[in-house]
$ cat target13.pdb   # PDB, C-alpha atoms and all ligand atoms
ATOM      1  CA  MET A   1       7.655   2.231 -14.452  1.00  0.00           C
ATOM      2  CA  ASN A   2       7.253   0.063 -11.359  1.00  0.00           C
ATOM      3  CA  VAL A   3      10.610  -0.608  -9.718  1.00  0.00           C
ATOM      4  CA  VAL A   4       9.213  -3.377  -7.536  1.00  0.00           C
ATOM      5  CA  LYS A   5       7.830  -5.247 -10.528  1.00  0.00           C
ATOM      6  CA  ASP A   6      11.127  -4.921 -12.391  1.00  0.00           C
ATOM      7  CA  LEU A   7      13.114  -5.995  -9.313  1.00  0.00           C
ATOM      8  CA  LEU A   8      10.990  -9.092  -8.752  1.00  0.00           C
ATOM      9  CA  LYS A   9      11.077 -10.098 -12.407  1.00  0.00           C
ATOM     10  CA  ALA A  10      14.880  -9.886 -12.292  1.00  0.00           C
ATOM     11  CA  GLY A  11      14.898 -12.231  -9.257  1.00  0.00           C
ATOM     12  CA  GLY A  12      15.789  -9.459  -6.797  1.00  0.00           C
ATOM     13  CA  THR A  13      14.426  -8.624  -3.346  1.00  0.00           C
ATOM     14  CA  ALA A  14      11.999  -5.766  -2.740  1.00  0.00           C
ATOM     15  CA  VAL A  15      12.253  -4.297   0.764  1.00  0.00           C
ATOM     16  CA  GLY A  16       9.529  -1.975   1.997  1.00  0.00           C
ATOM     17  CA  THR A  17       8.170  -0.464   5.156  1.00  0.00           C
ATOM     18  CA  SER A  18       4.790   0.413   6.622  1.00  0.00           C
ATOM     19  CA  ALA A  19       3.436   3.919   6.175  1.00  0.00           C
ATOM     20  CA  GLY A  20       0.146   5.582   6.994  1.00  0.00           C
ATOM     21  CA  ALA A  21      -1.847   8.763   6.536  1.00  0.00           C
ATOM     22  CA  ASN A  22       0.288  10.518   9.155  1.00  0.00           C
ATOM     23  CA  SER A  23       3.708   9.159   8.156  1.00  0.00           C
ATOM     24  CA  GLU A  24       6.609  11.187   6.818  1.00  0.00           C
ATOM     25  CA  VAL A  25       5.895   9.685   3.418  1.00  0.00           C
ATOM     26  CA  ALA A  26       8.203  11.825   1.276  1.00  0.00           C
ATOM     27  CA  PHE A  27      11.102  11.108   3.643  1.00  0.00           C
ATOM     28  CA  LEU A  28      10.390   7.361   3.715  1.00  0.00           C
ATOM     29  CA  ALA A  29       9.883   7.155  -0.051  1.00  0.00           C
ATOM     30  CA  ASP A  30      13.352   8.624  -0.602  1.00  0.00           C
ATOM     31  CA  SER A  31      15.107   6.530   2.052  1.00  0.00           C
ATOM     32  CA  GLY A  32      15.982   3.535  -0.109  1.00  0.00           C
ATOM     33  CA  PHE A  33      12.859   1.439   0.446  1.00  0.00           C
ATOM     34  CA  ASP A  34      11.435  -0.095  -2.725  1.00  0.00           C
ATOM     35  CA  PHE A  35       7.820   0.234  -1.598  1.00  0.00           C
ATOM     36  CA  LEU A  36       5.639   1.759   1.101  1.00  0.00           C
ATOM     37  CA  LEU A  37       2.820  -0.406   2.417  1.00  0.00           C
ATOM     38  CA  PHE A  38      -0.321   1.473   3.440  1.00  0.00           C
ATOM     39  CA  ASP A  39      -2.477  -0.868   5.494  1.00  0.00           C
ATOM     40  CA  THR A  40      -6.207  -0.246   5.863  1.00  0.00           C
ATOM     41  CA  GLN A  41      -7.098  -3.649   7.347  1.00  0.00           C
ATOM     42  CA  HIS A  42      -5.367  -3.354  10.718  1.00  0.00           C
ATOM     43  CA  SER A  43      -4.875   0.403  11.013  1.00  0.00           C
ATOM     44  CA  PRO A  44      -7.134   3.405  11.621  1.00  0.00           C
ATOM     45  CA  ASP A  45      -6.536   4.651   8.050  1.00  0.00           C
ATOM     46  CA  GLU A  46      -9.493   4.619   5.688  1.00  0.00           C
ATOM     47  CA  ILE A  47      -8.656   3.905   2.043  1.00  0.00           C
ATOM     48  CA  LYS A  48     -10.016   7.262   0.880  1.00  0.00           C
ATOM     49  CA  SER A  49      -7.790   9.125   3.354  1.00  0.00           C
ATOM     50  CA  LEU A  50      -4.694   7.857   1.545  1.00  0.00           C
ATOM     51  CA  GLY A  51      -4.831  10.049  -1.584  1.00  0.00           C
ATOM     52  CA  ARG A  52      -2.480  12.673  -0.171  1.00  0.00           C
ATOM     53  CA  PRO A  53       0.162  10.370   1.329  1.00  0.00           C
ATOM     54  CA  VAL A  54       0.133   8.203  -1.787  1.00  0.00           C
ATOM     55  CA  ALA A  55       0.557  11.323  -3.960  1.00  0.00           C
ATOM     56  CA  ALA A  56       3.561  12.287  -1.798  1.00  0.00           C
ATOM     57  CA  THR A  57       5.453   9.292  -3.242  1.00  0.00           C
ATOM     58  CA  ARG A  58       5.291  10.730  -6.779  1.00  0.00           C
ATOM     59  CA  GLY A  59       8.710  11.213  -8.349  1.00  0.00           C
ATOM     60  CA  ARG A  60      10.296   9.298  -5.478  1.00  0.00           C
ATOM     61  CA  LYS A  61      11.693   5.804  -5.381  1.00  0.00           C
ATOM     62  CA  ALA A  62       9.248   3.832  -3.261  1.00  0.00           C
ATOM     63  CA  VAL A  63       6.116   2.417  -4.882  1.00  0.00           C
ATOM     64  CA  PRO A  64       2.856   2.957  -2.918  1.00  0.00           C
ATOM     65  CA  ILE A  65       0.962  -0.272  -2.199  1.00  0.00           C
ATOM     66  CA  ILE A  66      -2.376  -0.387  -0.354  1.00  0.00           C
ATOM     67  CA  ARG A  67      -3.758  -3.332   1.626  1.00  0.00           C
ATOM     68  CA  VAL A  68      -7.539  -3.262   1.491  1.00  0.00           C
ATOM     69  CA  GLY A  69      -9.668  -4.734   4.280  1.00  0.00           C
ATOM     70  CA  ASP A  70     -11.359  -7.410   2.207  1.00  0.00           C
ATOM     71  CA  ASN A  71     -11.520  -8.897  -1.290  1.00  0.00           C
ATOM     72  CA  ARG A  72     -14.215  -6.585  -2.639  1.00  0.00           C
ATOM     73  CA  PRO A  73     -14.489  -4.644  -5.905  1.00  0.00           C
ATOM     74  CA  ASP A  74     -15.390  -1.401  -4.130  1.00  0.00           C
ATOM     75  CA  GLN A  75     -12.414  -1.559  -1.746  1.00  0.00           C
ATOM     76  CA  ILE A  76      -9.996  -2.380  -4.581  1.00  0.00           C
ATOM     77  CA  CYS A  77     -11.502   0.391  -6.751  1.00  0.00           C
ATOM     78  CA  TYR A  78     -11.118   2.975  -3.957  1.00  0.00           C
ATOM     79  CA  ALA A  79      -7.486   1.962  -3.378  1.00  0.00           C
ATOM     80  CA  LEU A  80      -6.660   2.157  -7.094  1.00  0.00           C
ATOM     81  CA  ASP A  81      -8.363   5.548  -7.292  1.00  0.00           C
ATOM     82  CA  GLN A  82      -6.027   6.855  -4.573  1.00  0.00           C
ATOM     83  CA  GLY A  83      -3.108   6.065  -6.914  1.00  0.00           C
ATOM     84  CA  ALA A  84      -1.967   2.734  -5.472  1.00  0.00           C
ATOM     85  CA  ARG A  85       0.538   0.980  -7.707  1.00  0.00           C
ATOM     86  CA  GLY A  86      -0.005  -2.303  -5.948  1.00  0.00           C
ATOM     87  CA  ILE A  87      -2.964  -3.923  -4.178  1.00  0.00           C
ATOM     88  CA  ILE A  88      -2.782  -6.375  -1.288  1.00  0.00           C
ATOM     89  CA  VAL A  89      -5.880  -8.404  -0.413  1.00  0.00           C
ATOM     90  CA  PRO A  90      -5.933 -10.376   2.858  1.00  0.00           C
ATOM     91  CA  MET A  91      -7.137 -13.965   3.272  1.00  0.00           C
ATOM     92  CA  VAL A  92      -7.302 -15.129  -0.341  1.00  0.00           C
ATOM     93  CA  ASN A  93      -8.171 -18.798   0.147  1.00  0.00           C
ATOM     94  CA  THR A  94      -9.212 -20.163  -3.241  1.00  0.00           C
ATOM     95  CA  ALA A  95      -8.391 -19.811  -6.925  1.00  0.00           C
ATOM     96  CA  GLU A  96     -11.809 -18.236  -7.471  1.00  0.00           C
ATOM     97  CA  GLU A  97     -11.064 -15.561  -4.877  1.00  0.00           C
ATOM     98  CA  ALA A  98      -7.689 -14.927  -6.548  1.00  0.00           C
ATOM     99  CA  ARG A  99      -9.372 -14.679  -9.967  1.00  0.00           C
ATOM    100  CA  ASN A 100     -11.858 -12.170  -8.577  1.00  0.00           C
ATOM    101  CA  MET A 101      -9.064 -10.095  -7.106  1.00  0.00           C
ATOM    102  CA  VAL A 102      -7.209  -9.964 -10.435  1.00  0.00           C
ATOM    103  CA  LYS A 103     -10.465  -9.131 -12.256  1.00  0.00           C
ATOM    104  CA  TRP A 104     -11.202  -6.210  -9.918  1.00  0.00           C
ATOM    105  CA  CYS A 105      -7.618  -4.909 -10.195  1.00  0.00           C
ATOM    106  CA  LYS A 106      -7.375  -4.812 -13.997  1.00  0.00           C
ATOM    107  CA  TYR A 107      -9.019  -2.635 -16.608  1.00  0.00           C
ATOM    108  CA  PRO A 108     -10.999  -4.286 -19.427  1.00  0.00           C
ATOM    109  CA  PHE A 109     -10.412  -6.551 -21.155  1.00  0.00           C
ATOM    110  CA  GLU A 110      -8.164  -8.297 -18.662  1.00  0.00           C
ATOM    111  CA  GLY A 111     -10.577  -7.384 -15.899  1.00  0.00           C
ATOM    112  CA  GLU A 112     -13.524  -5.261 -14.872  1.00  0.00           C
ATOM    113  CA  ARG A 113     -11.944  -2.248 -13.168  1.00  0.00           C
ATOM    114  CA  SER A 114     -14.129   0.819 -13.481  1.00  0.00           C
ATOM    115  CA  SER A 115     -12.463   3.918 -14.921  1.00  0.00           C
ATOM    116  CA  SER A 116     -12.291   7.270 -13.179  1.00  0.00           C
ATOM    117  CA  GLY A 117      -9.353   8.672 -15.140  1.00  0.00           C
ATOM    118  CA  PRO A 118      -5.645   8.188 -14.525  1.00  0.00           C
ATOM    119  CA  HIS A 119      -4.540   8.192 -10.894  1.00  0.00           C
ATOM    120  CA  GLY A 120      -1.003   7.780  -9.648  1.00  0.00           C
ATOM    121  CA  GLU A 121       2.267   7.807 -11.465  1.00  0.00           C
ATOM    122  CA  TRP A 122       2.205   5.735 -14.631  1.00  0.00           C
ATOM    123  CA  GLY A 123       3.875   7.970 -17.249  1.00  0.00           C
ATOM    124  CA  GLU A 124       2.665   9.660 -20.423  1.00  0.00           C
ATOM    125  CA  PHE A 125       0.572   7.827 -23.002  1.00  0.00           C
ATOM    126  CA  LYS A 126      -0.664   8.419 -26.545  1.00  0.00           C
ATOM    127  CA  ASN A 127      -4.189   7.453 -25.675  1.00  0.00           C
ATOM    128  CA  TYR A 128      -6.368   5.941 -22.940  1.00  0.00           C
ATOM    129  CA  ARG A 129      -6.064   2.372 -24.261  1.00  0.00           C
ATOM    130  CA  GLU A 130      -2.281   2.615 -23.988  1.00  0.00           C
ATOM    131  CA  TYR A 131      -2.603   3.979 -20.437  1.00  0.00           C
ATOM    132  CA  MET A 132      -4.924   1.119 -19.378  1.00  0.00           C
ATOM    133  CA  ASP A 133      -2.659  -1.512 -20.910  1.00  0.00           C
ATOM    134  CA  ALA A 134       0.332  -0.030 -19.086  1.00  0.00           C
ATOM    135  CA  VAL A 135      -1.474  -0.005 -15.738  1.00  0.00           C
ATOM    136  CA  ASN A 136      -2.688  -3.577 -16.255  1.00  0.00           C
ATOM    137  CA  GLU A 137       0.912  -4.546 -16.905  1.00  0.00           C
ATOM    138  CA  GLN A 138       2.573  -2.485 -14.159  1.00  0.00           C
ATOM    139  CA  LEU A 139       0.166  -2.833 -11.241  1.00  0.00           C
ATOM    140  CA  LEU A 140       1.305  -5.244  -8.515  1.00  0.00           C
ATOM    141  CA  VAL A 141      -1.379  -7.800  -7.641  1.00  0.00           C
ATOM    142  CA  ILE A 142      -0.633  -9.303  -4.242  1.00  0.00           C
ATOM    143  CA  PRO A 143      -3.036 -11.788  -2.643  1.00  0.00           C
ATOM    144  CA  MET A 144      -2.294 -12.910   0.914  1.00  0.00           C
ATOM    145  CA  ILE A 145      -1.973 -16.506   2.045  1.00  0.00           C
ATOM    146  CA  GLU A 146      -2.873 -16.815   5.710  1.00  0.00           C
ATOM    147  CA  THR A 147      -4.943 -19.978   6.237  1.00  0.00           C
ATOM    148  CA  VAL A 148      -4.810 -23.767   6.005  1.00  0.00           C
ATOM    149  CA  GLU A 149      -7.448 -23.589   3.264  1.00  0.00           C
ATOM    150  CA  ALA A 150      -5.141 -21.349   1.225  1.00  0.00           C
ATOM    151  CA  MET A 151      -2.235 -23.763   1.838  1.00  0.00           C
ATOM    152  CA  GLU A 152      -4.400 -26.620   0.552  1.00  0.00           C
ATOM    153  CA  ASN A 153      -5.273 -24.567  -2.556  1.00  0.00           C
ATOM    154  CA  LEU A 154      -1.760 -23.206  -3.031  1.00  0.00           C
ATOM    155  CA  GLU A 155      -1.110 -24.516  -6.542  1.00  0.00           C
ATOM    156  CA  ASP A 156      -4.592 -23.586  -7.780  1.00  0.00           C
ATOM    157  CA  ILE A 157      -4.209 -20.045  -6.445  1.00  0.00           C
ATOM    158  CA  LEU A 158      -0.765 -19.728  -8.031  1.00  0.00           C
ATOM    159  CA  SER A 159      -2.120 -20.918 -11.386  1.00  0.00           C
ATOM    160  CA  VAL A 160      -4.309 -17.808 -11.663  1.00  0.00           C
ATOM    161  CA  PRO A 161      -2.752 -15.456 -14.247  1.00  0.00           C
ATOM    162  CA  GLY A 162      -1.870 -11.958 -13.074  1.00  0.00           C
ATOM    163  CA  ILE A 163      -0.500 -12.618  -9.574  1.00  0.00           C
ATOM    164  CA  ASP A 164       2.852 -10.933  -8.906  1.00  0.00           C
ATOM    165  CA  VAL A 165       3.507 -11.768  -5.245  1.00  0.00           C
ATOM    166  CA  LEU A 166       1.958 -14.353  -2.936  1.00  0.00           C
ATOM    167  CA  LEU A 167       2.216 -12.654   0.445  1.00  0.00           C
ATOM    168  CA  ILE A 168       2.205 -14.520   3.729  1.00  0.00           C
ATOM    169  CA  GLY A 169       0.381 -12.974   6.686  1.00  0.00           C
ATOM    170  CA  PRO A 170       2.973 -14.146   9.214  1.00  0.00           C
ATOM    171  CA  SER A 171       0.830 -14.064  12.338  1.00  0.00           C
ATOM    172  CA  ASP A 172      -2.452 -15.311  10.840  1.00  0.00           C
ATOM    173  CA  LEU A 173      -0.648 -18.160   9.087  1.00  0.00           C
ATOM    174  CA  SER A 174       0.990 -19.228  12.361  1.00  0.00           C
ATOM    175  CA  ILE A 175      -2.368 -19.060  14.176  1.00  0.00           C
ATOM    176  CA  ASN A 176      -4.151 -21.080  11.505  1.00  0.00           C
ATOM    177  CA  LEU A 177      -1.374 -23.686  11.489  1.00  0.00           C
ATOM    178  CA  ASP A 178      -1.954 -23.983  15.250  1.00  0.00           C
ATOM    179  CA  VAL A 179       1.538 -22.740  16.136  1.00  0.00           C
ATOM    180  CA  ALA A 180       0.381 -19.248  17.162  1.00  0.00           C
ATOM    181  CA  LEU A 181       3.231 -16.724  16.890  1.00  0.00           C
ATOM    182  CA  ASP A 182       5.764 -19.569  17.268  1.00  0.00           C
ATOM    183  CA  TYR A 183       7.870 -18.464  14.332  1.00  0.00           C
ATOM    184  CA  GLN A 184      10.602 -20.993  15.105  1.00  0.00           C
ATOM    185  CA  ASN A 185       8.255 -23.991  14.980  1.00  0.00           C
ATOM    186  CA  PRO A 186       9.356 -26.587  12.376  1.00  0.00           C
ATOM    187  CA  LYS A 187       5.746 -26.780  11.146  1.00  0.00           C
ATOM    188  CA  TYR A 188       5.858 -23.029  10.442  1.00  0.00           C
ATOM    189  CA  HIS A 189       9.168 -23.270   8.613  1.00  0.00           C
ATOM    190  CA  ALA A 190       7.905 -26.237   6.597  1.00  0.00           C
ATOM    191  CA  ALA A 191       4.955 -24.094   5.458  1.00  0.00           C
ATOM    192  CA  LEU A 192       7.289 -21.241   4.485  1.00  0.00           C
ATOM    193  CA  ASP A 193       9.401 -23.665   2.464  1.00  0.00           C
ATOM    194  CA  THR A 194       6.333 -25.207   0.785  1.00  0.00           C
ATOM    195  CA  ILE A 195       5.043 -21.755  -0.198  1.00  0.00           C
ATOM    196  CA  ALA A 196       8.445 -20.619  -1.500  1.00  0.00           C
ATOM    197  CA  ALA A 197       8.846 -23.795  -3.589  1.00  0.00           C
ATOM    198  CA  ALA A 198       5.322 -23.546  -5.060  1.00  0.00           C
ATOM    199  CA  CYS A 199       5.871 -19.858  -5.898  1.00  0.00           C
ATOM    200  CA  LYS A 200       9.176 -20.618  -7.607  1.00  0.00           C
ATOM    201  CA  LYS A 201       7.529 -23.315  -9.728  1.00  0.00           C
ATOM    202  CA  ALA A 202       4.723 -20.922 -10.702  1.00  0.00           C
ATOM    203  CA  GLY A 203       7.019 -17.953 -11.412  1.00  0.00           C
ATOM    204  CA  VAL A 204       5.411 -15.853  -8.652  1.00  0.00           C
ATOM    205  CA  ALA A 205       7.482 -13.999  -6.032  1.00  0.00           C
ATOM    206  CA  PRO A 206       6.954 -15.224  -2.454  1.00  0.00           C
ATOM    207  CA  GLY A 207       6.635 -12.486   0.176  1.00  0.00           C
ATOM    208  CA  MET A 208       6.137 -11.899   3.919  1.00  0.00           C
ATOM    209  CA  PHE A 209       4.056  -8.979   5.176  1.00  0.00           C
ATOM    210  CA  PHE A 210       6.646  -8.421   7.934  1.00  0.00           C
ATOM    211  CA  VAL A 211       9.787 -10.274   8.966  1.00  0.00           C
ATOM    212  CA  PRO A 212       8.671 -12.352  11.967  1.00  0.00           C
ATOM    213  CA  PRO A 213      10.585 -12.005  15.245  1.00  0.00           C
ATOM    214  CA  GLY A 214      13.463 -14.488  15.402  1.00  0.00           C
ATOM    215  CA  ILE A 215      13.716 -14.835  11.616  1.00  0.00           C
ATOM    216  CA  SER A 216      16.324 -12.650   9.936  1.00  0.00           C
ATOM    217  CA  PRO A 217      15.858 -10.969   6.560  1.00  0.00           C
ATOM    218  CA  ALA A 218      18.885 -12.972   5.330  1.00  0.00           C
ATOM    219  CA  GLU A 219      17.172 -16.221   6.351  1.00  0.00           C
ATOM    220  CA  LEU A 220      14.043 -15.221   4.457  1.00  0.00           C
ATOM    221  CA  ILE A 221      16.048 -14.334   1.356  1.00  0.00           C
ATOM    222  CA  ALA A 222      17.896 -17.670   1.608  1.00  0.00           C
ATOM    223  CA  LYS A 223      14.489 -19.388   1.596  1.00  0.00           C
ATOM    224  CA  GLY A 224      13.686 -17.575  -1.663  1.00  0.00           C
ATOM    225  CA  TYR A 225      11.502 -14.756  -0.291  1.00  0.00           C
ATOM    226  CA  GLN A 226      11.656 -11.658  -2.466  1.00  0.00           C
ATOM    227  CA  PHE A 227       9.309  -9.161  -0.819  1.00  0.00           C
ATOM    228  CA  PHE A 228       8.937  -8.077   2.819  1.00  0.00           C
ATOM    229  CA  THR A 229       8.699  -5.032   5.066  1.00  0.00           C
ATOM    230  CA  LEU A 230      11.001  -3.916   7.863  1.00  0.00           C
ATOM    231  CA  PRO A 231      10.388  -1.253  10.529  1.00  0.00           C
ATOM    232  CA  TRP A 232      12.298   1.980   9.978  1.00  0.00           C
ATOM    233  CA  GLY A 233      12.133   3.737  13.373  1.00  0.00           C
ATOM    234  CA  GLY A 234      15.340   2.266  14.828  1.00  0.00           C
ATOM    235  CA  TRP A 235      17.380   3.122  11.749  1.00  0.00           C
ATOM    236  CA  ALA A 236      16.008   6.671  11.614  1.00  0.00           C
ATOM    237  CA  THR A 237      16.702   7.278  15.298  1.00  0.00           C
ATOM    238  CA  GLU A 238      20.260   5.993  14.933  1.00  0.00           C
ATOM    239  CA  GLY A 239      20.906   8.131  11.857  1.00  0.00           C
ATOM    240  CA  ILE A 240      19.515  11.305  13.446  1.00  0.00           C
ATOM    241  CA  ARG A 241      21.359  10.620  16.705  1.00  0.00           C
ATOM    242  CA  ASN A 242      24.614  10.232  14.742  1.00  0.00           C
ATOM    243  CA  GLY A 243      23.905  13.426  12.804  1.00  0.00           C
ATOM    244  CA  VAL A 244      23.224  15.473  15.921  1.00  0.00           C
ATOM    245  CA  ALA A 245      26.249  13.936  17.694  1.00  0.00           C
ATOM    246  CA  SER A 246      28.466  14.859  14.753  1.00  0.00           C
ATOM    247  CA  ILE A 247      27.640  18.524  15.461  1.00  0.00           C
ATOM    248  CA  LYS A 248      27.453  18.558  19.244  1.00  0.00           C
ATOM    249  CA  GLY A 249      30.170  15.963  19.789  1.00  0.00           C
TER     250      GLY A 249
HETATM  251  C1  LIG B 301      -0.559 -11.176   9.517  1.00  0.00           C
HETATM  252  O1  LIG B 301       0.463 -11.270  10.216  1.00  0.00           O
HETATM  253  O2  LIG B 301      -1.424 -12.061   9.467  1.00  0.00           O
HETATM  254  C2  LIG B 301      -0.782 -10.001   8.711  1.00  0.00           C
HETATM  255  O3  LIG B 301      -1.726  -9.961   7.945  1.00  0.00           O
HETATM  256  C3  LIG B 301       0.104  -8.817   8.910  1.00  0.00           C
HETATM  257  O4  LIG B 301      -0.683  -7.718   9.301  1.00  0.00           O
HETATM  258 MG    MG B 302      -3.279 -11.279   8.529  1.00  0.00          MG
END

$ encode --input "target13.pdb" --output "structure tokens"
Amino acid sequence: MNVVKDLLKAGGTAVGTSAGANSEVAFLADSGFDFLLFDTQHSPDEIKSLGRPVAATRGRKAVPIIRVGDNRPDQICYALDQGARGIIVPMVNTAEEARNMVKWCKYPFEGERSSSGPHGEWGEFKNYREYMDAVNEQLLVIPMIETVEAMENLEDILSVPGIDVLLIGPSDLSINLDVALDYQNPKYHAALDTIAAACKKAGVAPGMFFVPPGISPAELIAKGYQFFTLPWGGWATEGIRNGVASIKG
């Protein structure tokens, strides 16, 4: 019911791309990506404007995931109500913040999510309890690790039940490690390795919001990373150019 969840559990790699309210969502969701990441922290999109684009993923491969602007119950509730099948929260620095995130993502009695009826694509259920249990099980809960404080609390954060992916904010992490945007710095790579090792021990998938310049997807996968986004524009342009050239010569 959630291909990303199944992929990660099987030790595979989930590759997604960024999408927004004005993206060609149906096209992107059928292009082979495992998930589409709708960002509301660093984009002009408001969470409540994402209902239509998220609905456009229904029946298609890619799972819609929304990044909210802050770790707040209202923001997480709005994103879930748009039909998100995964929630990303930025700057989760402590175990308590991670516990709150999980609590606001899950229906009772695993959490405190408020009900407004089924939203999104979760399948058919005998009754509402079965639906809520399925969503609690299938929803991707993805806190972001972006600060030194979060690095110091890494194991505590990872011990919180219900976390599927621990997602690095590549630029914020580099800034907070005082190696701003220096993605080749040994200190940066040491942090990536520490996070990957801690995730492996905890049975949580390590992820990167985007693949930083100068680091290849293969390098990330070799480090154990299982979840990241890649830009799609170059591939689309090349494919369309080839298609048009095949007709016009
Ligand atoms: C970061 O690089 O810090 C992110 O959160 C990606 O937007
Ligand atoms: Mg960030």

$ residues_around --input "target13.pdb" --residues "Asn22 (chain A)" --least-positions-apart "2" --cutoff "12 Å" --atoms "only C-alpha atoms" --output "list in words"
Ser18, Ala19, Gly20, Glu24, Val25, Ala26, Leu28, Phe38, Ser43, Pro44, Asp45, Glu46, Ser49, Leu50, Gly51, Arg52, Pro53, Val54 and Ala56 of chain A

$ closest_residue --input "target13.pdb" --among "A:Val63, A:Val102, A:Leu167, A:Leu37" --to "ligand MG 302 (chain B)" --atoms "all atoms listed in the file"
A:Leu167

$ residues_near_ligand --input "target13.pdb" --ligand "ligand MG 302 (chain B)" --cutoff "9 Å" --atoms "all atoms listed in the file" --output "list in words"
Gln41, His42, Pro90, Met91, Met144, Ile145, Glu146, Ile168, Gly169, Pro170, Ser171, Asp172, Leu173 and Phe209 of chain A

$ closest_residue --input "target13.pdb" --among "A:Ile87, A:Ala29, A:Cys199, A:Met208" --to "ligand LIG 301 (chain B)" --atoms "only C-alpha atoms and all ligand atoms"
A:Met208

$ atom_distance --input "target13.pdb" --atom1 "CA of Asn2 (chain A)" --atom2 "CA of Thr94 (chain A)"
27.3 Å

$ closest_residue --input "target13.pdb" --among "A:Leu177, A:Ala134, A:Leu154, A:Ala14" --to "ligand LIG 301 (chain B)" --atoms "only C-alpha atoms and all ligand atoms"
A:Leu177

$ resolve_selection --input "target13.pdb" --expression "the PyMOL selection byres (((chain A and resi 85) around 12) and not hetatm)" --output "number ranges by chain"
A: 1-5, 35-38, 54-55, 57-58, 62-67, 76, 79-84, 86-88, 105-106, 118-122, 134-142

$ atom_distance --input "target13.pdb" --atom1 "CA of Met101 (chain A)" --atom2 "CA of Ala222 (chain A)"
29.3 Å

$ residues_around --input "target13.pdb" --residues "Leu8 (chain A)" --least-positions-apart "4" --cutoff "10 Å" --atoms "only C-alpha atoms" --output "list in words"
Val3, Val4, Gly12, Thr13, Ala14, Asp164, Val165, Val204, Ala205, Pro206, Gln226 and Phe227 of chain A

$ atom_distance --input "target13.pdb" --atom1 "CA of Asn176 (chain A)" --atom2 "CA of Ala191 (chain A)"
11.3 Å

$ closest_residue --input "target13.pdb" --among "A:Ala190, A:Ala150, A:Leu181, A:Ala202" --to "ligand LIG 301 (chain B)" --atoms "only C-alpha atoms and all ligand atoms"
A:Leu181

$ resolve_selection --input "target13.pdb" --expression "the PyMOL selection byres (((chain A and resi 213) around 12) and not hetatm)" --output "JSON, numbers by chain"
{"A": [170, 171, 181, 182, 183, 184, 210, 211, 212, 214, 215, 216, 217, 219, 220, 230, 231]}

$ closest_residue --input "target13.pdb" --among "A:Asn71, A:Thr229, A:Thr237, A:Asn242" --to "Thr17 (chain A)" --atoms "all atoms listed in the file"
A:Thr229

$ axis_aligned_box --input "target13.pdb" --around "ligand LIG 301 (chain B)" --padding-each-side "4 Å" --output "JSON"
{"center_x": -0.6, "center_y": -9.9, "center_z": 9.1, "size_x": 10.2, "size_y": 12.3, "size_z": 10.3}

$ decode --input "target13.pdb" --residues "region 67-79 of chain A" --atoms "N, CA and C atoms" --output "PDB file, in the first residue's frame"
ATOM      1  N   ARG A  67       6.601  18.063   3.053  1.00  0.00           N
ATOM      2  CA  ARG A  67       7.394  18.650   4.148  1.00  0.00           C
ATOM      3  C   ARG A  67       6.642  19.852   4.674  1.00  0.00           C
ATOM      4  N   VAL A  68       6.340  19.810   5.972  1.00  0.00           N
ATOM      5  CA  VAL A  68       5.694  20.949   6.627  1.00  0.00           C
ATOM      6  C   VAL A  68       6.771  21.957   7.028  1.00  0.00           C
ATOM      7  N   GLY A  69       6.336  23.154   7.440  1.00  0.00           N
ATOM      8  CA  GLY A  69       7.302  24.205   7.763  1.00  0.00           C
ATOM      9  C   GLY A  69       7.895  24.079   9.153  1.00  0.00           C
ATOM     10  N   ASP A  70       7.166  23.380  10.038  1.00  0.00           N
ATOM     11  CA  ASP A  70       7.618  23.311  11.426  1.00  0.00           C
ATOM     12  C   ASP A  70       6.948  22.105  12.095  1.00  0.00           C
ATOM     13  N   ASN A  71       7.506  21.688  13.211  1.00  0.00           N
ATOM     14  CA  ASN A  71       6.965  20.538  13.946  1.00  0.00           C
ATOM     15  C   ASN A  71       5.774  20.984  14.788  1.00  0.00           C
ATOM     16  N   ARG A  72       4.615  21.065  14.125  1.00  0.00           N
ATOM     17  CA  ARG A  72       3.410  21.550  14.818  1.00  0.00           C
ATOM     18  C   ARG A  72       2.236  20.658  14.458  1.00  0.00           C
ATOM     19  N   PRO A  73       1.332  20.404  15.442  1.00  0.00           N
ATOM     20  CA  PRO A  73       0.205  19.518  15.155  1.00  0.00           C
ATOM     21  C   PRO A  73      -0.703  20.054  14.055  1.00  0.00           C
ATOM     22  N   ASP A  74      -0.873  21.384  13.988  1.00  0.00           N
ATOM     23  CA  ASP A  74      -1.774  21.907  12.951  1.00  0.00           C
ATOM     24  C   ASP A  74      -1.165  21.700  11.562  1.00  0.00           C
ATOM     25  N   GLN A  75       0.121  21.982  11.414  1.00  0.00           N
ATOM     26  CA  GLN A  75       0.764  21.816  10.103  1.00  0.00           C
ATOM     27  C   GLN A  75       0.715  20.352   9.652  1.00  0.00           C
ATOM     28  N   ILE A  76       1.008  19.441  10.588  1.00  0.00           N
ATOM     29  CA  ILE A  76       1.005  18.011  10.241  1.00  0.00           C
ATOM     30  C   ILE A  76      -0.413  17.560   9.898  1.00  0.00           C
ATOM     31  N   CYS A  77      -1.394  18.046  10.664  1.00  0.00           N
ATOM     32  CA  CYS A  77      -2.808  17.713  10.396  1.00  0.00           C
ATOM     33  C   CYS A  77      -3.223  18.192   9.001  1.00  0.00           C
ATOM     34  N   TYR A  78      -2.864  19.435   8.655  1.00  0.00           N
ATOM     35  CA  TYR A  78      -3.245  19.968   7.339  1.00  0.00           C
ATOM     36  C   TYR A  78      -2.623  19.119   6.223  1.00  0.00           C
ATOM     37  N   ALA A  79      -1.358  18.741   6.408  1.00  0.00           N
ATOM     38  CA  ALA A  79      -0.669  17.965   5.363  1.00  0.00           C
ATOM     39  C   ALA A  79      -1.306  16.581   5.208  1.00  0.00           C
TER      40      ALA A  79
END
